[in-house]
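Structure file coords.pdb (PDB, C-alpha atoms and all ligand atoms) follows.
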ATOM      1  CA  MET A 328     -39.269 136.273 169.160  1.00  0.00           C
ATOM      2  CA  LYS A 329     -39.421 140.058 168.973  1.00  0.00           C
ATOM      3  CA  LEU A 330     -38.203 141.597 165.732  1.00  0.00           C
ATOM      4  CA  ILE A 331     -36.371 144.908 165.905  1.00  0.00           C
ATOM      5  CA  THR A 332     -35.497 146.509 162.595  1.00  0.00           C
ATOM      6  CA  CYS A 333     -33.174 149.345 161.654  1.00  0.00           C
ATOM      7  CA  TYR A 334     -34.322 150.900 158.425  1.00  0.00           C
ATOM      8  CA  SER A 335     -33.407 153.980 156.460  1.00  0.00           C
ATOM      9  CA  PHE A 336     -33.276 154.900 152.793  1.00  0.00           C
ATOM     10  CA  LYS A 337     -29.916 156.506 153.499  1.00  0.00           C
ATOM     11  CA  GLY A 338     -26.707 154.492 153.191  1.00  0.00           C
ATOM     12  CA  GLY A 339     -24.181 155.262 155.900  1.00  0.00           C
ATOM     13  CA  ALA A 340     -26.864 156.401 158.378  1.00  0.00           C
ATOM     14  CA  GLY A 341     -25.486 153.972 160.970  1.00  0.00           C
ATOM     15  CA  LYS A 342     -28.000 151.127 160.646  1.00  0.00           C
ATOM     16  CA  THR A 343     -25.537 148.239 160.721  1.00  0.00           C
ATOM     17  CA  THR A 344     -23.567 149.801 163.571  1.00  0.00           C
ATOM     18  CA  ALA A 345     -26.760 150.298 165.584  1.00  0.00           C
ATOM     19  CA  ILE A 346     -27.654 146.631 164.972  1.00  0.00           C
ATOM     20  CA  MET A 347     -24.187 145.506 166.115  1.00  0.00           C
ATOM     21  CA  GLY A 348     -24.470 147.651 169.230  1.00  0.00           C
ATOM     22  CA  LEU A 349     -27.964 146.435 170.099  1.00  0.00           C
ATOM     23  CA  CYS A 350     -26.898 142.853 169.559  1.00  0.00           C
ATOM     24  CA  SER A 351     -24.129 143.370 172.080  1.00  0.00           C
ATOM     25  CA  SER A 352     -26.352 145.056 174.635  1.00  0.00           C
ATOM     26  CA  LEU A 353     -29.046 142.335 174.400  1.00  0.00           C
ATOM     27  CA  SER A 354     -26.451 139.537 174.518  1.00  0.00           C
ATOM     28  CA  LEU A 355     -25.021 141.089 177.651  1.00  0.00           C
ATOM     29  CA  LYS A 356     -28.490 140.574 179.173  1.00  0.00           C
ATOM     30  CA  GLN A 357     -28.219 136.859 178.303  1.00  0.00           C
ATOM     31  CA  LYS A 358     -30.665 137.187 175.397  1.00  0.00           C
ATOM     32  CA  LYS A 359     -30.370 134.972 172.372  1.00  0.00           C
ATOM     33  CA  VAL A 360     -30.158 137.217 169.303  1.00  0.00           C
ATOM     34  CA  ALA A 361     -30.732 136.307 165.648  1.00  0.00           C
ATOM     35  CA  LEU A 362     -29.290 138.746 163.129  1.00  0.00           C
ATOM     36  CA  PHE A 363     -31.066 138.945 159.788  1.00  0.00           C
ATOM     37  CA  GLU A 364     -28.614 139.984 157.118  1.00  0.00           C
ATOM     38  CA  SER A 365     -30.700 141.615 154.399  1.00  0.00           C
ATOM     39  CA  ASP A 366     -27.801 143.647 152.955  1.00  0.00           C
ATOM     40  CA  PRO A 367     -26.200 141.670 150.068  1.00  0.00           C
ATOM     41  CA  ASN A 368     -22.846 143.266 151.006  1.00  0.00           C
ATOM     42  CA  ARG A 369     -22.979 141.020 154.089  1.00  0.00           C
ATOM     43  CA  PRO A 370     -21.541 143.387 156.713  1.00  0.00           C
ATOM     44  CA  LEU A 371     -22.872 141.221 159.556  1.00  0.00           C
ATOM     45  CA  THR A 372     -21.363 138.024 158.153  1.00  0.00           C
ATOM     46  CA  ARG A 373     -17.991 139.817 157.932  1.00  0.00           C
ATOM     47  CA  TRP A 374     -18.506 141.161 161.449  1.00  0.00           C
ATOM     48  CA  LYS A 375     -19.085 137.675 162.786  1.00  0.00           C
ATOM     49  CA  ALA A 376     -15.916 136.349 161.087  1.00  0.00           C
ATOM     50  CA  ASN A 377     -13.844 139.227 162.530  1.00  0.00           C
ATOM     51  CA  ALA A 378     -15.401 138.751 165.936  1.00  0.00           C
ATOM     52  CA  ILE A 379     -14.654 135.029 166.020  1.00  0.00           C
ATOM     53  CA  ARG A 380     -11.035 135.760 165.054  1.00  0.00           C
ATOM     54  CA  ASN A 381     -10.805 138.183 168.004  1.00  0.00           C
ATOM     55  CA  GLN A 382     -12.610 135.903 170.445  1.00  0.00           C
ATOM     56  CA  ALA A 383     -15.334 138.522 170.619  1.00  0.00           C
ATOM     57  CA  TRP A 384     -18.391 136.649 169.349  1.00  0.00           C
ATOM     58  CA  ASP A 385     -21.157 135.565 171.691  1.00  0.00           C
ATOM     59  CA  GLN A 386     -22.061 132.001 170.686  1.00  0.00           C
ATOM     60  CA  ARG A 387     -25.693 132.584 171.632  1.00  0.00           C
ATOM     61  CA  CYS A 388     -26.040 134.806 168.533  1.00  0.00           C
ATOM     62  CA  GLU A 389     -26.374 133.738 164.946  1.00  0.00           C
ATOM     63  CA  VAL A 390     -26.338 135.526 161.585  1.00  0.00           C
ATOM     64  CA  PHE A 391     -28.970 134.436 159.067  1.00  0.00           C
ATOM     65  CA  VAL A 392     -28.500 135.513 155.459  1.00  0.00           C
ATOM     66  CA  ALA A 393     -31.834 137.024 154.448  1.00  0.00           C
ATOM     67  CA  ASP A 394     -31.288 139.222 151.402  1.00  0.00           C
ATOM     68  CA  GLU A 395     -34.218 137.753 149.480  1.00  0.00           C
ATOM     69  CA  LEU A 396     -37.778 137.322 150.677  1.00  0.00           C
ATOM     70  CA  PRO A 397     -37.813 133.465 150.643  1.00  0.00           C
ATOM     71  CA  LEU A 398     -34.522 133.450 152.618  1.00  0.00           C
ATOM     72  CA  MET A 399     -35.941 135.914 155.131  1.00  0.00           C
ATOM     73  CA  ILE A 400     -39.102 133.842 155.597  1.00  0.00           C
ATOM     74  CA  ASP A 401     -37.008 130.718 156.090  1.00  0.00           C
ATOM     75  CA  ALA A 402     -34.538 132.429 158.443  1.00  0.00           C
ATOM     76  CA  TYR A 403     -37.321 133.938 160.547  1.00  0.00           C
ATOM     77  CA  GLY A 404     -38.983 130.537 160.911  1.00  0.00           C
ATOM     78  CA  HIS A 405     -35.716 128.886 161.930  1.00  0.00           C
ATOM     79  CA  ALA A 406     -34.880 131.584 164.467  1.00  0.00           C
ATOM     80  CA  ASP A 407     -38.364 131.599 165.951  1.00  0.00           C
ATOM     81  CA  LEU A 408     -38.347 127.825 166.385  1.00  0.00           C
ATOM     82  CA  GLY A 409     -34.728 127.958 167.587  1.00  0.00           C
ATOM     83  CA  GLY A 410     -35.737 129.847 170.718  1.00  0.00           C
ATOM     84  CA  PHE A 411     -34.160 133.197 169.860  1.00  0.00           C
ATOM     85  CA  ASP A 412     -35.438 136.007 172.098  1.00  0.00           C
ATOM     86  CA  TYR A 413     -34.808 138.803 169.613  1.00  0.00           C
ATOM     87  CA  GLY A 414     -34.377 139.136 165.888  1.00  0.00           C
ATOM     88  CA  LEU A 415     -32.467 142.152 164.629  1.00  0.00           C
ATOM     89  CA  ALA A 416     -32.933 143.051 160.972  1.00  0.00           C
ATOM     90  CA  ASP A 417     -30.543 145.287 159.100  1.00  0.00           C
ATOM     91  CA  ALA A 418     -32.845 146.497 156.316  1.00  0.00           C
ATOM     92  CA  HIS A 419     -31.213 148.778 153.830  1.00  0.00           C
ATOM     93  CA  GLY A 420     -32.129 150.619 150.672  1.00  0.00           C
ATOM     94  CA  ASP A 421     -35.231 151.560 148.821  1.00  0.00           C
ATOM     95  CA  PRO A 422     -38.692 150.086 149.250  1.00  0.00           C
ATOM     96  CA  SER A 423     -38.831 146.454 148.127  1.00  0.00           C
ATOM     97  CA  GLU A 424     -41.021 143.457 148.824  1.00  0.00           C
ATOM     98  CA  LEU A 425     -38.329 142.206 151.224  1.00  0.00           C
ATOM     99  CA  ASN A 426     -38.095 145.491 153.123  1.00  0.00           C
ATOM    100  CA  ASN A 427     -41.882 145.927 153.254  1.00  0.00           C
ATOM    101  CA  SER A 428     -42.215 142.436 154.640  1.00  0.00           C
ATOM    102  CA  ILE A 429     -39.528 143.070 157.286  1.00  0.00           C
ATOM    103  CA  ILE A 430     -41.156 146.374 158.282  1.00  0.00           C
ATOM    104  CA  GLY A 431     -44.614 144.798 158.455  1.00  0.00           C
ATOM    105  CA  SER A 432     -43.358 141.924 160.642  1.00  0.00           C
ATOM    106  CA  SER A 433     -41.364 144.116 163.060  1.00  0.00           C
ATOM    107  CA  ASP A 434     -42.292 144.774 166.680  1.00  0.00           C
ATOM    108  CA  CYS A 435     -40.088 147.849 166.800  1.00  0.00           C
ATOM    109  CA  LEU A 436     -38.662 150.045 164.043  1.00  0.00           C
ATOM    110  CA  LEU A 437     -35.646 152.280 164.453  1.00  0.00           C
ATOM    111  CA  ILE A 438     -34.619 154.878 161.921  1.00  0.00           C
ATOM    112  CA  PRO A 439     -30.992 155.881 162.544  1.00  0.00           C
ATOM    113  CA  ALA A 440     -30.234 159.470 161.539  1.00  0.00           C
ATOM    114  CA  MET A 441     -27.123 161.599 161.793  1.00  0.00           C
ATOM    115  CA  LEU A 442     -27.489 165.299 162.535  1.00  0.00           C
ATOM    116  CA  THR A 443     -27.011 166.607 158.993  1.00  0.00           C
ATOM    117  CA  PRO A 444     -29.681 168.218 156.792  1.00  0.00           C
ATOM    118  CA  LEU A 445     -29.406 165.360 154.278  1.00  0.00           C
ATOM    119  CA  ASP A 446     -29.814 162.703 156.989  1.00  0.00           C
ATOM    120  CA  ILE A 447     -32.781 164.521 158.484  1.00  0.00           C
ATOM    121  CA  ASP A 448     -34.463 164.687 155.057  1.00  0.00           C
ATOM    122  CA  GLU A 449     -33.855 160.982 154.498  1.00  0.00           C
ATOM    123  CA  ALA A 450     -35.062 160.111 157.999  1.00  0.00           C
ATOM    124  CA  LEU A 451     -38.263 162.102 157.433  1.00  0.00           C
ATOM    125  CA  ALA A 452     -38.840 160.398 154.086  1.00  0.00           C
ATOM    126  CA  THR A 453     -38.189 156.972 155.654  1.00  0.00           C
ATOM    127  CA  CYS A 454     -40.475 157.768 158.585  1.00  0.00           C
ATOM    128  CA  ARG A 455     -43.256 158.869 156.250  1.00  0.00           C
ATOM    129  CA  TYR A 456     -42.840 155.734 154.174  1.00  0.00           C
ATOM    130  CA  ILE A 457     -43.008 153.485 157.247  1.00  0.00           C
ATOM    131  CA  VAL A 458     -46.057 155.256 158.683  1.00  0.00           C
ATOM    132  CA  GLU A 459     -47.931 155.006 155.354  1.00  0.00           C
ATOM    133  CA  LEU A 460     -47.042 151.329 155.080  1.00  0.00           C
ATOM    134  CA  LEU A 461     -48.157 150.594 158.647  1.00  0.00           C
ATOM    135  CA  ILE A 462     -51.419 152.533 158.232  1.00  0.00           C
ATOM    136  CA  GLY A 463     -52.051 150.723 154.936  1.00  0.00           C
ATOM    137  CA  GLU A 464     -51.691 147.385 156.687  1.00  0.00           C
ATOM    138  CA  GLY A 465     -53.602 148.413 159.816  1.00  0.00           C
ATOM    139  CA  LEU A 466     -50.520 147.937 162.019  1.00  0.00           C
ATOM    140  CA  GLN A 467     -49.360 149.902 165.036  1.00  0.00           C
ATOM    141  CA  THR A 468     -45.642 149.338 165.478  1.00  0.00           C
ATOM    142  CA  HIS A 469     -43.339 151.221 167.821  1.00  0.00           C
ATOM    143  CA  THR A 470     -41.302 153.469 165.566  1.00  0.00           C
ATOM    144  CA  ALA A 471     -38.581 155.863 166.660  1.00  0.00           C
ATOM    145  CA  ILE A 472     -35.714 157.848 165.218  1.00  0.00           C
ATOM    146  CA  LEU A 473     -32.336 156.920 166.668  1.00  0.00           C
ATOM    147  CA  PRO A 474     -29.995 159.929 166.535  1.00  0.00           C
ATOM    148  CA  GLN A 475     -26.699 158.462 165.330  1.00  0.00           C
ATOM    149  CA  ARG A 476     -23.084 159.643 165.528  1.00  0.00           C
ATOM    150  CA  VAL A 477     -24.023 162.496 167.862  1.00  0.00           C
ATOM    151  CA  PRO A 478     -20.774 164.232 168.923  1.00  0.00           C
ATOM    152  CA  VAL A 479     -19.670 163.626 172.506  1.00  0.00           C
ATOM    153  CA  GLY A 480     -18.687 167.299 172.855  1.00  0.00           C
ATOM    154  CA  ARG A 481     -20.588 170.462 171.949  1.00  0.00           C
ATOM    155  CA  LEU A 482     -22.920 170.363 168.994  1.00  0.00           C
ATOM    156  CA  THR A 483     -22.547 172.898 166.197  1.00  0.00           C
ATOM    157  CA  LEU A 484     -25.448 175.280 165.578  1.00  0.00           C
ATOM    158  CA  SER A 485     -26.642 173.253 162.623  1.00  0.00           C
ATOM    159  CA  GLN A 486     -26.425 169.992 164.593  1.00  0.00           C
ATOM    160  CA  ARG A 487     -28.475 171.567 167.364  1.00  0.00           C
ATOM    161  CA  ALA A 488     -31.054 172.773 164.835  1.00  0.00           C
ATOM    162  CA  ALA A 489     -31.187 169.255 163.360  1.00  0.00           C
ATOM    163  CA  TYR A 490     -31.700 167.740 166.833  1.00  0.00           C
ATOM    164  CA  GLU A 491     -34.520 170.197 167.543  1.00  0.00           C
ATOM    165  CA  MET A 492     -36.243 169.155 164.345  1.00  0.00           C
ATOM    166  CA  LEU A 493     -35.950 165.482 165.288  1.00  0.00           C
ATOM    167  CA  ARG A 494     -37.514 166.188 168.686  1.00  0.00           C
ATOM    168  CA  ALA A 495     -40.825 166.811 166.872  1.00  0.00           C
ATOM    169  CA  LEU A 496     -40.818 163.086 166.015  1.00  0.00           C
ATOM    170  CA  PRO A 497     -40.811 159.947 168.173  1.00  0.00           C
ATOM    171  CA  LEU A 498     -37.205 159.782 169.315  1.00  0.00           C
ATOM    172  CA  CYS A 499     -35.027 157.347 171.284  1.00  0.00           C
ATOM    173  CA  ASP A 500     -34.261 159.089 174.548  1.00  0.00           C
ATOM    174  CA  THR A 501     -30.558 158.193 174.304  1.00  0.00           C
ATOM    175  CA  PRO A 502     -28.637 158.821 171.078  1.00  0.00           C
ATOM    176  CA  MET A 503     -25.770 156.738 169.781  1.00  0.00           C
ATOM    177  CA  ARG A 504     -22.733 158.943 170.125  1.00  0.00           C
ATOM    178  CA  GLU A 505     -19.850 159.242 167.718  1.00  0.00           C
ATOM    179  CA  ARG A 506     -17.340 156.940 169.378  1.00  0.00           C
ATOM    180  CA  ASP A 507     -14.262 155.046 168.275  1.00  0.00           C
ATOM    181  CA  ALA A 508     -15.580 152.078 170.225  1.00  0.00           C
ATOM    182  CA  PHE A 509     -18.583 151.979 167.854  1.00  0.00           C
ATOM    183  CA  ALA A 510     -16.524 152.637 164.716  1.00  0.00           C
ATOM    184  CA  VAL A 511     -14.180 149.703 165.402  1.00  0.00           C
ATOM    185  CA  MET A 512     -16.900 147.172 166.318  1.00  0.00           C
ATOM    186  CA  LYS A 513     -17.070 145.925 162.725  1.00  0.00           C
ATOM    187  CA  GLU A 514     -13.406 144.849 162.911  1.00  0.00           C
ATOM    188  CA  ARG A 515     -13.200 143.893 166.590  1.00  0.00           C
ATOM    189  CA  GLY A 516     -16.483 142.133 167.246  1.00  0.00           C
ATOM    190  CA  MET A 517     -19.151 142.417 169.919  1.00  0.00           C
ATOM    191  CA  LEU A 518     -18.503 145.359 172.165  1.00  0.00           C
ATOM    192  CA  HIS A 519     -19.305 143.608 175.455  1.00  0.00           C
ATOM    193  CA  MET A 520     -16.909 140.780 174.551  1.00  0.00           C
ATOM    194  CA  THR A 521     -14.204 143.254 173.521  1.00  0.00           C
ATOM    195  CA  VAL A 522     -14.671 145.095 176.821  1.00  0.00           C
ATOM    196  CA  ALA A 523     -14.407 141.817 178.742  1.00  0.00           C
ATOM    197  CA  ASN A 524     -11.203 140.928 176.844  1.00  0.00           C
ATOM    198  CA  MET A 525      -9.791 144.413 177.531  1.00  0.00           C
ATOM    199  CA  ALA A 526     -10.344 144.053 181.255  1.00  0.00           C
ATOM    200  CA  ASN A 527      -7.563 141.452 181.242  1.00  0.00           C
ATOM    201  CA  ASP A 528      -5.140 143.570 179.218  1.00  0.00           C
ATOM    202  CA  PRO A 529      -3.650 146.632 181.012  1.00  0.00           C
ATOM    203  CA  ALA A 530      -2.327 148.072 177.705  1.00  0.00           C
ATOM    204  CA  THR A 531      -5.877 148.798 176.543  1.00  0.00           C
ATOM    205  CA  ARG A 532      -6.850 150.850 179.611  1.00  0.00           C
ATOM    206  CA  PRO A 533      -7.539 154.201 177.814  1.00  0.00           C
ATOM    207  CA  MET A 534      -9.760 152.438 175.278  1.00  0.00           C
ATOM    208  CA  PHE A 535     -11.400 150.406 178.052  1.00  0.00           C
ATOM    209  CA  HIS A 536     -12.897 153.517 179.669  1.00  0.00           C
ATOM    210  CA  ASN A 537     -14.497 154.788 176.437  1.00  0.00           C
ATOM    211  CA  SER A 538     -15.729 151.350 175.507  1.00  0.00           C
ATOM    212  CA  ARG A 539     -17.441 150.993 178.892  1.00  0.00           C
ATOM    213  CA  ARG A 540     -19.181 154.333 178.338  1.00  0.00           C
ATOM    214  CA  ALA A 541     -20.268 153.172 174.892  1.00  0.00           C
ATOM    215  CA  LEU A 542     -21.653 149.969 176.389  1.00  0.00           C
ATOM    216  CA  ASP A 543     -23.602 151.965 179.013  1.00  0.00           C
ATOM    217  CA  GLU A 544     -25.192 154.045 176.255  1.00  0.00           C
ATOM    218  CA  LEU A 545     -26.191 150.929 174.395  1.00  0.00           C
ATOM    219  CA  ALA A 546     -27.755 149.512 177.553  1.00  0.00           C
ATOM    220  CA  THR A 547     -29.946 152.628 177.844  1.00  0.00           C
ATOM    221  CA  ILE A 548     -31.040 152.326 174.222  1.00  0.00           C
ATOM    222  CA  GLY A 549     -31.766 148.626 174.847  1.00  0.00           C
ATOM    223  CA  THR A 550     -33.905 149.513 177.880  1.00  0.00           C
ATOM    224  CA  PHE A 551     -35.823 152.123 175.833  1.00  0.00           C
ATOM    225  CA  ILE A 552     -36.642 149.435 173.264  1.00  0.00           C
ATOM    226  CA  GLU A 553     -37.545 146.808 175.858  1.00  0.00           C
ATOM    227  CA  LYS A 554     -39.946 149.268 177.534  1.00  0.00           C
ATOM    228  CA  ALA A 555     -41.529 150.126 174.182  1.00  0.00           C
ATOM    229  CA  LEU A 556     -42.019 146.424 173.481  1.00  0.00           C
ATOM    230  CA  GLN A 557     -43.588 145.812 176.870  1.00  0.00           C
ATOM    231  CA  GLY A 558     -46.212 148.442 176.555  1.00  0.00           C
TER     232      GLY A 558
HETATM  233  N1  LIG B   1     -21.942 155.891 166.558  1.00  0.00           N
HETATM  234  C1  LIG B   1     -20.904 155.777 165.707  1.00  0.00           C
HETATM  235  N2  LIG B   1     -19.673 156.213 166.074  1.00  0.00           N
HETATM  236  C2  LIG B   1     -18.635 156.133 165.205  1.00  0.00           C
HETATM  237  N3  LIG B   1     -18.718 155.640 163.962  1.00  0.00           N
HETATM  238  C3  LIG B   1     -19.917 155.198 163.529  1.00  0.00           C
HETATM  239  C4  LIG B   1     -21.066 155.241 164.370  1.00  0.00           C
HETATM  240  N4  LIG B   1     -22.103 154.721 163.689  1.00  0.00           N
HETATM  241  C5  LIG B   1     -21.637 154.378 162.474  1.00  0.00           C
HETATM  242  N5  LIG B   1     -20.324 154.658 162.374  1.00  0.00           N
HETATM  243  C6  LIG B   1     -19.478 154.430 161.184  1.00  0.00           C
HETATM  244  O1  LIG B   1     -20.117 155.026 160.062  1.00  0.00           O
HETATM  245  C7  LIG B   1     -20.000 154.209 158.918  1.00  0.00           C
HETATM  246  C8  LIG B   1     -21.381 153.914 158.354  1.00  0.00           C
HETATM  247  O2  LIG B   1     -22.110 153.185 159.345  1.00  0.00           O
HETATM  248  P1  LIG B   1     -23.003 151.921 158.979  1.00  0.00           P
HETATM  249  O3  LIG B   1     -23.527 151.411 160.269  1.00  0.00           O
HETATM  250  O4  LIG B   1     -22.258 150.982 158.108  1.00  0.00           O
HETATM  251  O5  LIG B   1     -24.182 152.613 158.153  1.00  0.00           O
HETATM  252  P2  LIG B   1     -25.350 151.932 157.295  1.00  0.00           P
HETATM  253  O6  LIG B   1     -25.480 150.517 157.727  1.00  0.00           O
HETATM  254  O7  LIG B   1     -26.573 152.748 157.581  1.00  0.00           O
HETATM  255  O8  LIG B   1     -24.943 152.062 155.860  1.00  0.00           O
HETATM  256  C9  LIG B   1     -19.234 152.959 159.355  1.00  0.00           C
HETATM  257  O9  LIG B   1     -17.882 153.111 158.980  1.00  0.00           O
HETATM  258  C10 LIG B   1     -19.368 152.943 160.873  1.00  0.00           C
HETATM  259  O10 LIG B   1     -18.265 152.345 161.518  1.00  0.00           O
HETATM  260 MG    MG B   2     -25.341 148.798 156.582  1.00  0.00          MG
END
Would you give me this structure, written as structure tokens?
Amino acid sequence: MKLITCYSFKGGAGKTTAIMGLCSSLSLKQKKVALFESDPNRPLTRWKANAIRNQAWDQRCEVFVADELPLMIDAYGHADLGGFDYGLADAHGDPSELNNSIIGSSDCLLIPAMLTPLDIDEALATCRYIVELLIGEGLQTHTAILPQRVPVGRLTLSQRAAYEMLRALPLCDTPMRERDAFAVMKERGMLHMTVANMANDPATRPMFHNSRRALDELATIGTFIEKALQG
């Protein structure tokens, strides 16, 4: 099982949403995905409940509560033995034994960052923390910033300046754009399932188009990660 982790010191950076999106894009490729819920607020557990209610949960996926180190160790073992292809960890908050252990066990680390000066500062601090941790443990793990909530239209001057600054760092080649389809995933469920349900409902046609675009973007981010993991 390959472990992909979204980590940032900053709350609201878009970690959980990126995890939900990646889960959808990997599930669409018939992968079995384990979600490690390390946030005690349990956003992924709530997501799963909402998704099941909306018939938008892929039964191949499972959420494992992992907000303490022994739970994470147990959950990882179960998922690995259970034949899951990917683990996705939603690691939030300040450095902790749990977060350090998740970072150290990851095959790929993503640091979501919005294009604001505060987010860039937090992303840089997170990046520095991760690099120091990896060097300290003698690990070489694919690490990249994932630009999050990037406007679909023109960027403001300050957003462009922020993007330029991020380009100095390892960066996902496709950002996650600011889209309603991403914002409503937490209530609706897995995006690929929602899109499939929409295809049978003519009333949702305007939303269908945007959701398809959102799914295409996620597929590109998924491919970027898969390539990084291969080599
Ligand atoms: N790409 C996006 N487009 C639109 N809304 C987004 C996007 N990413 C995140 N959001 C919204 O921003 C808020 C914070 O995102 P969340 O993923 O919960 O951040 P974090 O897990 O880092 O705290 C949520 O309400 C979420 O729906
Ligand atoms: Mg979160």
*asked:* ligand LIG 1 (chain B): which residues are within 10 Å, counting only C-alpha atoms and all ligand atoms? Reply as number ranges by chain.
replied: A: 333-348, 366, 370-371, 417-420, 438-441, 474-479, 502-514, 541
*For Leu396 in chain A, list every protein, DNA or RNA residue within 6 Å, evaluated using all atoms listed in the file, and leave out those in the same chain fewer than 2 positions away; present the list as an MDAnalysis selection string.*
chainID A and resid 398:399 425
*asked:* Please report the interatomic distance between CA of Asp407 in chain A and CA of Gly463 in chain A in Å with one decimal.
replied: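 For CA of Asp407 in chain A relative to CA of Gly463 in chain A, the distance reads 26.0 Å.
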*Which is closest to ligand MG 2 (chain B) among A:Ala416, A:Lys359, A:Gly404, A:Val522, if we use only C-alpha atoms and all ligand atoms?*
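So, comparing all the options, the nearest one is A:Ala416.
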*Test item: residues at most 12 Å from Trp384 in chain A, only C-alpha atoms, excluding those fewer than 5 positions along its chain, as a PyMOL selection string*: chain A and resi 347+350-351+354-355+360+371-379+389-390+512-524
_My list of candidates is A:His469, A:Arg387, A:His405, A:Arg455. Which is closest to Lys554 in chain A when distances are computed with all atoms listed in the file?_
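Between A:His469, A:Arg387, A:His405, A:Arg455, the residue approaching Lys554 in chain A most closely is A:His469.
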*Determine, counting all atoms listed in the file, which protein, DNA and RNA residues have an atom within 9 Å of an atom of Ile331 in chain A; residues of the same chain fewer than 4 positions away are not included. Present the result as a ChimeraX atom specification.*
/A:346,413-417,433-437,552
*Could you state the separation of CA of Gly549 in chain A and CA of Phe363 in chain A in Å, given to one decimal place?*
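That distance, rounded to one decimal, is 17.9 Å.
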*Computed interatomic separation between CA of Asn381 in chain A and CA of Ser538 in chain A (Å)*: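 Between these atoms lies a distance of 15.9 Å.
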